[in-house]
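Visitor: The file below is entry.cif, mmCIF, C-alpha atoms:
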```cif
data_upload
#
loop_
_atom_site.label_atom_id
_atom_site.label_comp_id
_atom_site.auth_asym_id
_atom_site.auth_seq_id
_atom_site.Cartn_x
_atom_site.Cartn_y
_atom_site.Cartn_z
CA MET A 11 -47.14 5.12 4.02
CA SER A 12 -48.74 8.55 4.03
CA VAL A 13 -50.39 9.62 0.79
CA SER A 14 -51.56 13.22 0.37
CA VAL A 15 -54.93 13.97 -1.18
CA LYS A 16 -53.25 15.36 -4.30
CA ALA A 17 -51.11 12.27 -4.63
CA ARG A 18 -53.97 9.79 -4.21
CA PRO A 19 -53.62 7.24 -7.02
CA ARG A 20 -56.73 6.47 -9.04
CA VAL A 21 -57.33 2.72 -8.87
CA GLY A 22 -59.71 0.76 -11.02
CA LEU A 23 -60.92 -2.33 -9.14
CA PHE A 24 -61.18 -5.41 -11.33
CA VAL A 25 -63.84 -7.22 -9.32
CA THR A 26 -63.57 -10.65 -11.06
CA CYS A 27 -66.48 -12.82 -12.15
CA LEU A 28 -66.39 -15.16 -9.17
CA VAL A 29 -66.38 -12.32 -6.64
CA ASP A 30 -69.23 -10.58 -8.43
CA LEU A 31 -71.36 -13.72 -8.63
CA PHE A 32 -70.49 -15.64 -5.47
CA ARG A 33 -68.75 -13.43 -2.89
CA PRO A 34 -69.35 -9.67 -3.32
CA THR A 35 -68.03 -9.04 0.19
CA VAL A 36 -64.53 -9.65 -1.19
CA GLY A 37 -65.01 -6.70 -3.52
CA PHE A 38 -66.23 -4.47 -0.70
CA ALA A 39 -63.28 -5.57 1.42
CA ALA A 40 -60.87 -4.74 -1.40
CA ILE A 41 -62.35 -1.26 -1.75
CA SER A 42 -62.06 -0.70 2.00
CA LEU A 43 -58.41 -1.74 2.02
CA LEU A 44 -57.51 0.35 -1.01
CA GLU A 45 -59.19 3.44 0.40
CA LYS A 46 -57.47 2.89 3.74
CA ALA A 47 -54.16 2.78 1.88
CA GLY A 48 -54.91 6.20 0.39
CA CYS A 49 -56.37 5.36 -3.01
CA GLU A 50 -59.30 6.78 -4.92
CA VAL A 51 -61.20 3.69 -6.05
CA SER A 52 -63.61 3.23 -8.95
CA VAL A 53 -65.36 0.12 -10.24
CA PRO A 54 -65.95 0.43 -14.01
CA GLU A 55 -69.40 -0.89 -14.88
CA SER A 56 -68.29 -1.98 -18.34
CA GLN A 57 -65.80 -4.53 -17.03
CA THR A 58 -66.39 -8.18 -17.85
CA CYS A 59 -64.47 -11.43 -17.41
CA CYS A 60 -60.71 -11.14 -17.86
CA GLY A 61 -60.91 -13.76 -20.61
CA GLN A 62 -58.98 -16.46 -18.80
CA PRO A 63 -61.45 -19.33 -19.52
CA THR A 64 -61.40 -18.70 -23.27
CA PHE A 65 -57.64 -18.14 -23.28
CA ASN A 66 -56.95 -21.39 -21.46
CA SER A 67 -59.27 -23.20 -23.87
CA GLY A 68 -57.40 -21.91 -26.91
CA ASP A 69 -60.14 -19.52 -28.08
CA PHE A 70 -57.83 -16.59 -28.76
CA ARG A 71 -60.26 -14.67 -30.98
CA ASP A 72 -62.84 -14.28 -28.23
CA SER A 73 -60.03 -13.72 -25.71
CA ARG A 74 -58.81 -10.74 -27.73
CA ASP A 75 -62.33 -9.27 -27.86
CA ILE A 76 -62.70 -9.65 -24.09
CA ALA A 77 -59.23 -8.21 -23.44
CA ALA A 78 -59.94 -5.21 -25.69
CA ASN A 79 -63.03 -4.43 -23.61
CA VAL A 80 -61.08 -4.66 -20.35
CA ILE A 81 -58.30 -2.47 -21.70
CA ALA A 82 -60.79 0.19 -22.76
CA ALA A 83 -62.51 0.08 -19.37
CA PHE A 84 -59.36 0.43 -17.29
CA GLU A 85 -56.67 2.29 -19.22
CA GLU A 86 -57.63 5.68 -17.75
CA PHE A 87 -56.59 4.62 -14.22
CA ASP A 88 -53.20 4.90 -12.56
CA TYR A 89 -53.44 1.27 -11.47
CA VAL A 90 -55.65 -1.78 -11.92
CA VAL A 91 -56.02 -3.97 -8.84
CA ALA A 92 -57.74 -7.36 -8.57
CA PRO A 93 -58.42 -9.48 -5.46
CA SER A 94 -57.19 -12.42 -7.53
CA GLY A 95 -53.75 -13.50 -8.64
CA SER A 96 -55.16 -15.42 -11.60
CA CYS A 97 -57.10 -12.50 -13.08
CA ALA A 98 -54.28 -10.04 -12.41
CA GLY A 99 -51.88 -12.55 -13.94
CA MET A 100 -54.05 -12.87 -17.04
CA ILE A 101 -54.02 -9.11 -17.62
CA ARG A 102 -50.39 -8.63 -16.74
CA GLU A 103 -48.79 -11.66 -18.36
CA HIS A 104 -51.09 -12.75 -21.18
CA TYR A 105 -52.82 -9.66 -22.59
CA PRO A 106 -49.61 -8.54 -24.36
CA GLU A 107 -49.33 -12.03 -25.90
CA LEU A 108 -52.80 -11.77 -27.39
CA PHE A 109 -51.92 -8.68 -29.44
CA GLU A 110 -48.44 -9.55 -30.67
CA ASP A 111 -49.61 -9.04 -34.28
CA ASP A 112 -51.36 -5.73 -33.55
CA PRO A 113 -48.78 -3.04 -32.60
CA ALA A 114 -51.34 -0.45 -31.50
CA MET A 115 -53.26 -2.83 -29.25
CA ALA A 116 -50.02 -4.43 -28.05
CA HIS A 117 -48.86 -1.03 -26.81
CA ARG A 118 -52.13 -0.47 -24.94
CA ALA A 119 -52.03 -3.99 -23.48
CA GLN A 120 -48.44 -3.59 -22.30
CA HIS A 121 -49.21 -0.22 -20.76
CA LEU A 122 -52.11 -1.70 -18.79
CA ALA A 123 -50.14 -4.80 -17.84
CA LYS A 124 -47.40 -2.74 -16.20
CA ARG A 125 -49.98 -1.06 -13.94
CA THR A 126 -51.92 -4.19 -12.93
CA TYR A 127 -51.47 -5.81 -9.51
CA GLU A 128 -52.93 -8.43 -7.21
CA LEU A 129 -54.50 -6.78 -4.16
CA THR A 130 -52.03 -7.65 -1.36
CA SER A 131 -49.06 -7.09 -3.63
CA PHE A 132 -50.34 -3.63 -4.50
CA LEU A 133 -51.00 -2.72 -0.88
CA VAL A 134 -47.53 -3.79 0.28
CA ASP A 135 -45.26 -3.27 -2.73
CA VAL A 136 -46.78 -0.11 -4.21
CA MET A 137 -48.60 1.65 -1.37
CA GLY A 138 -46.24 0.55 1.40
CA LEU A 139 -49.09 -0.47 3.70
CA GLU A 140 -47.83 -2.21 6.82
CA LYS A 141 -50.96 -2.65 8.92
CA THR A 142 -54.68 -2.60 8.10
CA GLY A 143 -55.92 -2.06 11.65
CA ALA A 144 -58.02 -5.22 11.63
CA ALA A 145 -58.43 -7.67 14.50
CA PHE A 146 -59.21 -11.37 14.24
CA ASP A 147 -59.47 -13.87 17.07
CA GLY A 148 -58.31 -17.17 15.65
CA THR A 149 -55.71 -19.28 13.91
CA VAL A 150 -55.42 -19.29 10.13
CA THR A 151 -53.51 -21.25 7.55
CA TYR A 152 -52.73 -19.87 4.09
CA HIS A 153 -52.81 -21.42 0.61
CA ASP A 154 -50.64 -19.82 -2.08
CA SER A 155 -52.68 -19.78 -5.27
CA CYS A 156 -50.70 -20.87 -8.32
CA SER A 157 -51.11 -17.86 -10.62
CA GLY A 158 -50.40 -15.28 -7.93
CA LEU A 159 -47.37 -17.20 -6.74
CA ARG A 160 -45.81 -18.18 -10.04
CA GLU A 161 -46.79 -15.31 -12.33
CA LEU A 162 -46.82 -12.39 -9.87
CA GLU A 163 -44.56 -13.56 -7.01
CA VAL A 164 -47.26 -13.08 -4.40
CA LYS A 165 -46.02 -14.91 -1.31
CA THR A 166 -44.74 -12.68 1.48
CA GLN A 167 -47.19 -9.79 1.00
CA PRO A 168 -50.36 -11.38 2.43
CA ARG A 169 -48.40 -12.88 5.32
CA LYS A 170 -46.81 -9.53 6.10
CA LEU A 171 -50.24 -7.94 6.49
CA LEU A 172 -51.75 -10.90 8.33
CA ASN A 173 -48.92 -10.89 10.86
CA LYS A 174 -50.02 -7.39 11.90
CA VAL A 175 -53.68 -8.33 12.44
CA ASP A 176 -54.37 -8.18 16.18
CA GLY A 177 -55.20 -11.58 17.69
CA LEU A 178 -54.45 -13.56 14.54
CA LYS A 179 -52.02 -16.47 14.52
CA ILE A 180 -50.70 -18.10 11.33
CA THR A 181 -50.02 -21.83 11.18
CA GLU A 182 -48.21 -22.53 7.93
CA LEU A 183 -49.70 -25.15 5.63
CA PRO A 184 -47.36 -27.95 4.47
CA GLY A 185 -47.35 -27.81 0.70
CA ALA A 186 -48.89 -24.34 0.69
CA GLU A 187 -47.44 -23.77 -2.79
CA ILE A 188 -48.94 -26.97 -4.26
CA CYS A 189 -51.98 -26.53 -6.53
CA CYS A 190 -55.36 -27.25 -4.94
CA GLY A 191 -56.60 -28.90 -8.14
CA PHE A 192 -58.93 -26.12 -9.29
CA GLY A 193 -56.95 -24.66 -12.16
CA GLY A 194 -60.00 -23.10 -13.81
CA THR A 195 -61.03 -25.45 -16.60
CA PHE A 196 -58.54 -28.08 -15.37
CA CYS A 197 -61.02 -29.34 -12.77
CA VAL A 198 -63.60 -29.81 -15.55
CA LYS A 199 -61.26 -31.50 -18.01
CA TYR A 200 -59.60 -33.75 -15.45
CA PRO A 201 -62.07 -34.20 -12.57
CA GLU A 202 -60.48 -37.34 -11.12
CA ILE A 203 -57.02 -35.78 -10.90
CA SER A 204 -58.49 -32.54 -9.55
CA ASP A 205 -60.42 -34.38 -6.85
CA LYS A 206 -57.32 -36.29 -5.78
CA MET A 207 -55.39 -33.04 -5.47
CA VAL A 208 -58.03 -31.17 -3.48
CA THR A 209 -58.62 -34.16 -1.21
CA GLN A 210 -54.96 -34.23 -0.27
CA LYS A 211 -54.97 -30.47 0.20
CA ALA A 212 -58.05 -30.60 2.44
CA GLU A 213 -56.51 -33.28 4.63
CA GLU A 214 -53.38 -31.16 5.08
CA ILE A 215 -55.50 -28.12 5.93
CA VAL A 216 -57.39 -30.01 8.64
CA ALA A 217 -54.12 -31.36 10.02
CA THR A 218 -52.87 -27.84 10.75
CA GLY A 219 -55.64 -27.41 13.33
CA ALA A 220 -56.30 -23.90 12.03
CA ASP A 221 -59.75 -22.39 12.50
CA HIS A 222 -59.71 -20.75 9.07
CA LEU A 223 -58.25 -21.31 5.63
CA LEU A 224 -57.32 -18.15 3.74
CA ALA A 225 -56.18 -17.52 0.18
CA GLY A 226 -56.17 -14.72 -2.38
CA ASP A 227 -58.17 -16.41 -5.15
CA LEU A 228 -61.85 -17.19 -4.81
CA GLY A 229 -61.70 -20.07 -7.30
CA CYS A 230 -59.22 -21.92 -5.11
CA LEU A 231 -61.25 -21.12 -2.01
CA LEU A 232 -64.50 -22.40 -3.52
CA ASN A 233 -62.73 -25.60 -4.56
CA MET A 234 -61.09 -26.24 -1.19
CA GLY A 235 -64.09 -25.02 0.77
CA GLY A 236 -66.39 -27.39 -1.09
CA LYS A 237 -64.15 -30.37 -0.39
CA LEU A 238 -63.74 -29.44 3.28
CA LYS A 239 -67.51 -29.20 3.64
CA ARG A 240 -68.07 -32.57 1.95
CA LEU A 241 -65.52 -34.12 4.31
CA GLY A 242 -67.34 -32.64 7.29
CA ALA A 243 -64.32 -30.59 8.34
CA PRO A 244 -64.90 -27.69 10.77
CA THR A 245 -62.44 -25.36 9.00
CA LYS A 246 -63.97 -22.07 7.90
CA VAL A 247 -62.91 -20.56 4.58
CA ARG A 248 -62.47 -16.88 3.76
CA HIS A 249 -60.71 -14.63 1.27
CA VAL A 250 -57.69 -12.91 2.79
CA ALA A 251 -59.16 -9.49 1.97
CA GLU A 252 -62.14 -10.13 4.25
CA VAL A 253 -59.87 -10.77 7.24
CA LEU A 254 -57.55 -7.87 6.47
CA ALA A 255 -60.52 -5.51 6.16
CA GLY A 256 -62.17 -6.81 9.34
CA MET A 257 -65.23 -8.02 7.40
CA THR A 258 -65.73 -11.40 9.03
CA ASP A 259 -69.11 -10.97 10.73
CA GLY A 260 -70.99 -12.71 7.92
CA PRO A 261 -70.97 -16.42 7.05
CA ALA A 262 -67.77 -17.98 5.75
CA ILE A 263 -67.58 -19.36 2.22
CA GLY A 264 -69.98 -22.28 1.86
CA GLU A 265 -72.00 -21.38 4.97
CA GLY A 266 -75.65 -20.39 4.80
CA GLU A 267 -77.09 -17.20 6.22
CA ASN A 268 -77.89 -17.42 9.91
#
```
With the file now loaded, output its structure as structure tokens.
Guide:
Amino acid sequence: MSVSVKARPRVGLFVTCLVDLFRPTVGFAAISLLEKAGCEVSVPESQTCCGQPTFNSGDFRDSRDIAANVIAAFEEFDYVVAPSGSCAGMIREHYPELFEDDPAMAHRAQHLAKRTYELTSFLVDVMGLEKTGAAFDGTVTYHDSCSGLRELEVKTQPRKLLNKVDGLKITELPGAEICCGFGGTFCVKYPEISDKMVTQKAEEIVATGADHLLAGDLGCLLNMGGKLKRLGAPTKVRHVAEVLAGMTDGPAIGEGEN
């Protein structure tokens, strides 16, 4: 898709807490991909957590305060894009719920929600991007993170872009749509169940024979990557944005610096 300079959409990148704290390269990869697609990208410094942990824990008062801050930080942009289905899903699906009793804030939340997208969905569905120009020598398998899949219908978009990466081969993961057991606070509340789920997922990942595991949510990747490492599996773990942007020279998730 060709976008003229005058038509360049202004995109606010919602970095996410996990990317900011544990994997900043995902944020840089997202910026690279968005700019390649023809967007003008900004990263508001006033952004904070999307409020998902408090929301899932039933703390709606603090969730509303957090959401109000995010709305104020991003409502000037044409679009809000996050390299995370769970954070994008929180803004898009749950912010309007938080302000049902506040008409003015509900209007602002709904307006922002309609313009919020997960990264690969935005690139494919909104910007019409068909190829990123990246190359990757290896075989990957892909995990569909729950929030992106079920709340935002992110399924075909990352695969469409990955299929155009030179040298890359996709080996589909049996049960790719089954939760990895992370679930945010779920893994803290129910550690035994979570461990059982991620152990089964890790075994299925190894069985594919793929060199790399990819996904669109860093929380899922940290969970699966940690289990794979504890099992001594050779599978490397990366965020899909890193592969699509050609930023794979550094260590994979869970690896130390060389």
Visitor: Using the chain letters and residue numbers of this document, give as a list in words the residues selected by the PyMOL selection byres ((chain A and resi 249) around 8).
Guide: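 Given this file, the PyMOL selection byres ((chain A and resi 249) around 8) evaluates to Val36, Leu224, Ala225, Gly226, Asp227, Leu228, Leu231, Val247, Arg248, Val250, Ala251, Glu252 and Val253 of chain A.
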Visitor: Counting only C-alpha atoms, which residues come within 12 Å of (-47.1, -20.9, 11.1), with the point read in the file's coordinates, and could you list them as a list in words?
Guide: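 Returned residue set, sorted by chain then number, is Thr149, Val150, Thr151, Tyr152, His153, Arg169, Leu172, Asn173, Leu178, Lys179, Ile180, Thr181, Glu182, Leu183, Pro184, Ala186, Thr218, Gly219 and Ala220 of chain A.
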Visitor: When the PyMOL selection byres ((chain A and resi 60) around 12) is applied to the file above, which residues end up in the set, as an mmCIF file with C-alpha atoms, keeping the file's coordinate frame?
Guide:
```cif
data_model
loop_
_atom_site.group_PDB
_atom_site.id
_atom_site.type_symbol
_atom_site.label_atom_id
_atom_site.label_comp_id
_atom_site.auth_asym_id
_atom_site.auth_seq_id
_atom_site.Cartn_x
_atom_site.Cartn_y
_atom_site.Cartn_z
ATOM 1 C CA PHE A 24 -61.180 -5.410 -11.330
ATOM 2 C CA VAL A 25 -63.840 -7.220 -9.320
ATOM 3 C CA THR A 26 -63.570 -10.650 -11.060
ATOM 4 C CA CYS A 27 -66.480 -12.820 -12.150
ATOM 5 C CA LEU A 28 -66.390 -15.160 -9.170
ATOM 6 C CA SER A 56 -68.290 -1.980 -18.340
ATOM 7 C CA GLN A 57 -65.800 -4.530 -17.030
ATOM 8 C CA THR A 58 -66.390 -8.180 -17.850
ATOM 9 C CA CYS A 59 -64.470 -11.430 -17.410
ATOM 10 C CA GLY A 61 -60.910 -13.760 -20.610
ATOM 11 C CA GLN A 62 -58.980 -16.460 -18.800
ATOM 12 C CA PRO A 63 -61.450 -19.330 -19.520
ATOM 13 C CA THR A 64 -61.400 -18.700 -23.270
ATOM 14 C CA PHE A 65 -57.640 -18.140 -23.280
ATOM 15 C CA ASN A 66 -56.950 -21.390 -21.460
ATOM 16 C CA ASP A 72 -62.840 -14.280 -28.230
ATOM 17 C CA SER A 73 -60.030 -13.720 -25.710
ATOM 18 C CA ARG A 74 -58.810 -10.740 -27.730
ATOM 19 C CA ASP A 75 -62.330 -9.270 -27.860
ATOM 20 C CA ILE A 76 -62.700 -9.650 -24.090
ATOM 21 C CA ALA A 77 -59.230 -8.210 -23.440
ATOM 22 C CA ALA A 78 -59.940 -5.210 -25.690
ATOM 23 C CA ASN A 79 -63.030 -4.430 -23.610
ATOM 24 C CA VAL A 80 -61.080 -4.660 -20.350
ATOM 25 C CA ILE A 81 -58.300 -2.470 -21.700
ATOM 26 C CA ALA A 83 -62.510 0.080 -19.370
ATOM 27 C CA PHE A 84 -59.360 0.430 -17.290
ATOM 28 C CA ALA A 92 -57.740 -7.360 -8.570
ATOM 29 C CA SER A 94 -57.190 -12.420 -7.530
ATOM 30 C CA GLY A 95 -53.750 -13.500 -8.640
ATOM 31 C CA SER A 96 -55.160 -15.420 -11.600
ATOM 32 C CA CYS A 97 -57.100 -12.500 -13.080
ATOM 33 C CA ALA A 98 -54.280 -10.040 -12.410
ATOM 34 C CA GLY A 99 -51.880 -12.550 -13.940
ATOM 35 C CA MET A 100 -54.050 -12.870 -17.040
ATOM 36 C CA ILE A 101 -54.020 -9.110 -17.620
ATOM 37 C CA ARG A 102 -50.390 -8.630 -16.740
ATOM 38 C CA GLU A 103 -48.790 -11.660 -18.360
ATOM 39 C CA HIS A 104 -51.090 -12.750 -21.180
ATOM 40 C CA TYR A 105 -52.820 -9.660 -22.590
#
```
Visitor: In terms of the shortest atom-to-atom distance over all atoms listed in the file, which of A:Gly185, A:Pro106, A:Gly22, A:Gly235 is closest to Glu265 of chain A?
Guide: A:Gly235
Visitor: Check the smallest atom-to-atom distance from each of A:Asp205, A:Met115, A:Ala255, A:Glu110 to Glu45 of chain A using all atoms listed in the file, then report the winner.
Guide: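 Result for the nearest residue to Glu45 of chain A: A:Ala255.
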Visitor: Using all atoms listed in the file, which of the listed residues (A:Ser131, A:Leu232, A:Arg125, A:Gly138) sits closest to Ala262 of chain A?
Guide: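 Ranked by minimum distance to Ala262 of chain A, first place goes to A:Leu232.
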Visitor: In terms of the shortest atom-to-atom distance over all atoms listed in the file, which of A:Thr126, A:Val29, A:Thr142, A:Ile215 is closest to Gly48 of chain A?
Guide: A:Thr142
Visitor: Report, in Å to a single decimal, how far apart atom CA of Thr130 of chain A and atom CA of Val164 of chain A are.
Guide: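 It comes out at 7.8 Å.
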Visitor: Rounded to one decimal in Å, what is the spacing between atom CA of Thr245 of chain A and atom CA of His222 of chain A?
Guide: 5.4 Å
Visitor: Enumerate, as a PDB file with C-alpha atoms, keeping the file's coordinate frame, the residues matched when the PyMOL selection byres ((chain A and resi 20) around 8) is run on the file above.
Guide:
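Once written, expr-v6.pdb looks like this:
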```pdb
ATOM      1  CA  ARG A  18     -53.970   9.790  -4.210  1.00  0.00           C
ATOM      2  CA  PRO A  19     -53.620   7.240  -7.020  1.00  0.00           C
ATOM      3  CA  VAL A  21     -57.330   2.720  -8.870  1.00  0.00           C
ATOM      4  CA  GLY A  22     -59.710   0.760 -11.020  1.00  0.00           C
ATOM      5  CA  CYS A  49     -56.370   5.360  -3.010  1.00  0.00           C
ATOM      6  CA  GLU A  50     -59.300   6.780  -4.920  1.00  0.00           C
ATOM      7  CA  VAL A  51     -61.200   3.690  -6.050  1.00  0.00           C
ATOM      8  CA  SER A  52     -63.610   3.230  -8.950  1.00  0.00           C
ATOM      9  CA  PHE A  87     -56.590   4.620 -14.220  1.00  0.00           C
ATOM     10  CA  ASP A  88     -53.200   4.900 -12.560  1.00  0.00           C
ATOM     11  CA  TYR A  89     -53.440   1.270 -11.470  1.00  0.00           C
TER      12      TYR A  89
END
```
Visitor: Go through A:Gly148, A:Pro113, A:Gly37, A:Gly194 one by one, measure the shortest atom-to-atom distance of each to Met257 of chain A using only C-alpha atoms, and give the residue with the smallest value.
Guide: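 Ranked by minimum distance to Met257 of chain A, first place goes to A:Gly37.
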Visitor: Between atom CA of Lys165 of chain A and atom CA of Leu254 of chain A, measure the distance and give it in Å to one decimal.
Guide: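 Rounded to one decimal, the two atoms are 15.6 Å apart.
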Visitor: Of the candidates A:Val134, A:Ala145, A:Ala116, A:Val198, which shows the shortest atom-to-atom distance to Pro168 of chain A, using only C-alpha atoms?
Guide: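 Looking at the shortest contact to Pro168 of chain A, the residue is A:Val134.
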Visitor: Using only C-alpha atoms, determine which residues lie at most 9 Å from Glu140 of chain A, disregarding the query and same-chain residues fewer than 6 positions distant; provide the list as JSON, numbers by chain.
Guide: {"A": [11, 133, 134, 170, 171, 174]}
Visitor: Quick one: everything within 12 Å of Lys206 of chain A, counting all atoms listed in the file, minus sequence neighbours fewer than 3 positions away in the same chain. Send it as a list in words.
Guide: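 The filter keeps Cys189, Cys190, Gly191, Phe192, Cys197, Tyr200, Pro201, Glu202, Ile203, Thr209, Gln210, Lys211, Ala212, Glu213, Met234 and Lys237 of chain A.
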Visitor: Fix up segment 51-64 of chain A with N, CA, C and O atoms, then write it as a PDB file, in the coordinates of the input.
Guide:
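Writing done, so here's result-v8.pdb:
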```
ATOM      1  N   VAL A  51     -60.815   4.939  -5.402  1.00  0.00           N
ATOM      2  CA  VAL A  51     -61.200   3.690  -6.050  1.00  0.00           C
ATOM      3  C   VAL A  51     -62.473   3.845  -6.876  1.00  0.00           C
ATOM      4  O   VAL A  51     -63.449   4.433  -6.424  1.00  0.00           O
ATOM      5  N   SER A  52     -62.428   3.296  -8.085  1.00  0.00           N
ATOM      6  CA  SER A  52     -63.610   3.230  -8.950  1.00  0.00           C
ATOM      7  C   SER A  52     -63.789   1.806  -9.429  1.00  0.00           C
ATOM      8  O   SER A  52     -62.829   1.042  -9.529  1.00  0.00           O
ATOM      9  N   VAL A  53     -65.044   1.461  -9.730  1.00  0.00           N
ATOM     10  CA  VAL A  53     -65.360   0.120 -10.240  1.00  0.00           C
ATOM     11  C   VAL A  53     -66.073   0.300 -11.588  1.00  0.00           C
ATOM     12  O   VAL A  53     -67.279   0.523 -11.625  1.00  0.00           O
ATOM     13  N   PRO A  54     -65.332   0.226 -12.688  1.00  0.00           N
ATOM     14  CA  PRO A  54     -65.950   0.430 -14.010  1.00  0.00           C
ATOM     15  C   PRO A  54     -67.082  -0.549 -14.270  1.00  0.00           C
ATOM     16  O   PRO A  54     -66.909  -1.761 -14.140  1.00  0.00           O
ATOM     17  N   GLU A  55     -68.240  -0.033 -14.645  1.00  0.00           N
ATOM     18  CA  GLU A  55     -69.400  -0.890 -14.880  1.00  0.00           C
ATOM     19  C   GLU A  55     -69.259  -1.715 -16.147  1.00  0.00           C
ATOM     20  O   GLU A  55     -69.919  -2.752 -16.291  1.00  0.00           O
ATOM     21  N   SER A  56     -68.419  -1.279 -17.058  1.00  0.00           N
ATOM     22  CA  SER A  56     -68.290  -1.980 -18.340  1.00  0.00           C
ATOM     23  C   SER A  56     -67.343  -3.166 -18.286  1.00  0.00           C
ATOM     24  O   SER A  56     -67.194  -3.881 -19.279  1.00  0.00           O
ATOM     25  N   GLN A  57     -66.727  -3.404 -17.127  1.00  0.00           N
ATOM     26  CA  GLN A  57     -65.800  -4.530 -17.030  1.00  0.00           C
ATOM     27  C   GLN A  57     -66.547  -5.851 -17.151  1.00  0.00           C
ATOM     28  O   GLN A  57     -67.694  -5.987 -16.758  1.00  0.00           O
ATOM     29  N   THR A  58     -65.833  -6.833 -17.711  1.00  0.00           N
ATOM     30  CA  THR A  58     -66.390  -8.180 -17.850  1.00  0.00           C
ATOM     31  C   THR A  58     -65.338  -9.159 -17.344  1.00  0.00           C
ATOM     32  O   THR A  58     -64.407  -8.788 -16.645  1.00  0.00           O
ATOM     33  N   CYS A  59     -65.476 -10.413 -17.709  1.00  0.00           N
ATOM     34  CA  CYS A  59     -64.470 -11.430 -17.410  1.00  0.00           C
ATOM     35  C   CYS A  59     -63.122 -11.014 -17.983  1.00  0.00           C
ATOM     36  O   CYS A  59     -63.047 -10.301 -18.994  1.00  0.00           O
ATOM     37  N   CYS A  60     -62.055 -11.451 -17.363  1.00  0.00           N
ATOM     38  CA  CYS A  60     -60.710 -11.140 -17.860  1.00  0.00           C
ATOM     39  C   CYS A  60     -60.371 -11.924 -19.120  1.00  0.00           C
ATOM     40  O   CYS A  60     -59.392 -11.610 -19.809  1.00  0.00           O
ATOM     41  N   GLY A  61     -61.144 -12.964 -19.420  1.00  0.00           N
ATOM     42  CA  GLY A  61     -60.910 -13.760 -20.610  1.00  0.00           C
ATOM     43  C   GLY A  61     -60.104 -15.023 -20.377  1.00  0.00           C
ATOM     44  O   GLY A  61     -59.778 -15.751 -21.326  1.00  0.00           O
ATOM     45  N   GLN A  62     -59.809 -15.305 -19.114  1.00  0.00           N
ATOM     46  CA  GLN A  62     -58.980 -16.460 -18.800  1.00  0.00           C
ATOM     47  C   GLN A  62     -59.582 -17.793 -19.266  1.00  0.00           C
ATOM     48  O   GLN A  62     -58.855 -18.639 -19.809  1.00  0.00           O
ATOM     49  N   PRO A  63     -60.887 -18.044 -19.067  1.00  0.00           N
ATOM     50  CA  PRO A  63     -61.450 -19.330 -19.520  1.00  0.00           C
ATOM     51  C   PRO A  63     -61.295 -19.557 -21.020  1.00  0.00           C
ATOM     52  O   PRO A  63     -60.934 -20.659 -21.452  1.00  0.00           O
ATOM     53  N   THR A  64     -61.551 -18.537 -21.827  1.00  0.00           N
ATOM     54  CA  THR A  64     -61.400 -18.700 -23.270  1.00  0.00           C
ATOM     55  C   THR A  64     -59.935 -18.838 -23.661  1.00  0.00           C
ATOM     56  O   THR A  64     -59.585 -19.638 -24.534  1.00  0.00           O
TER      57      THR A  64
END
```
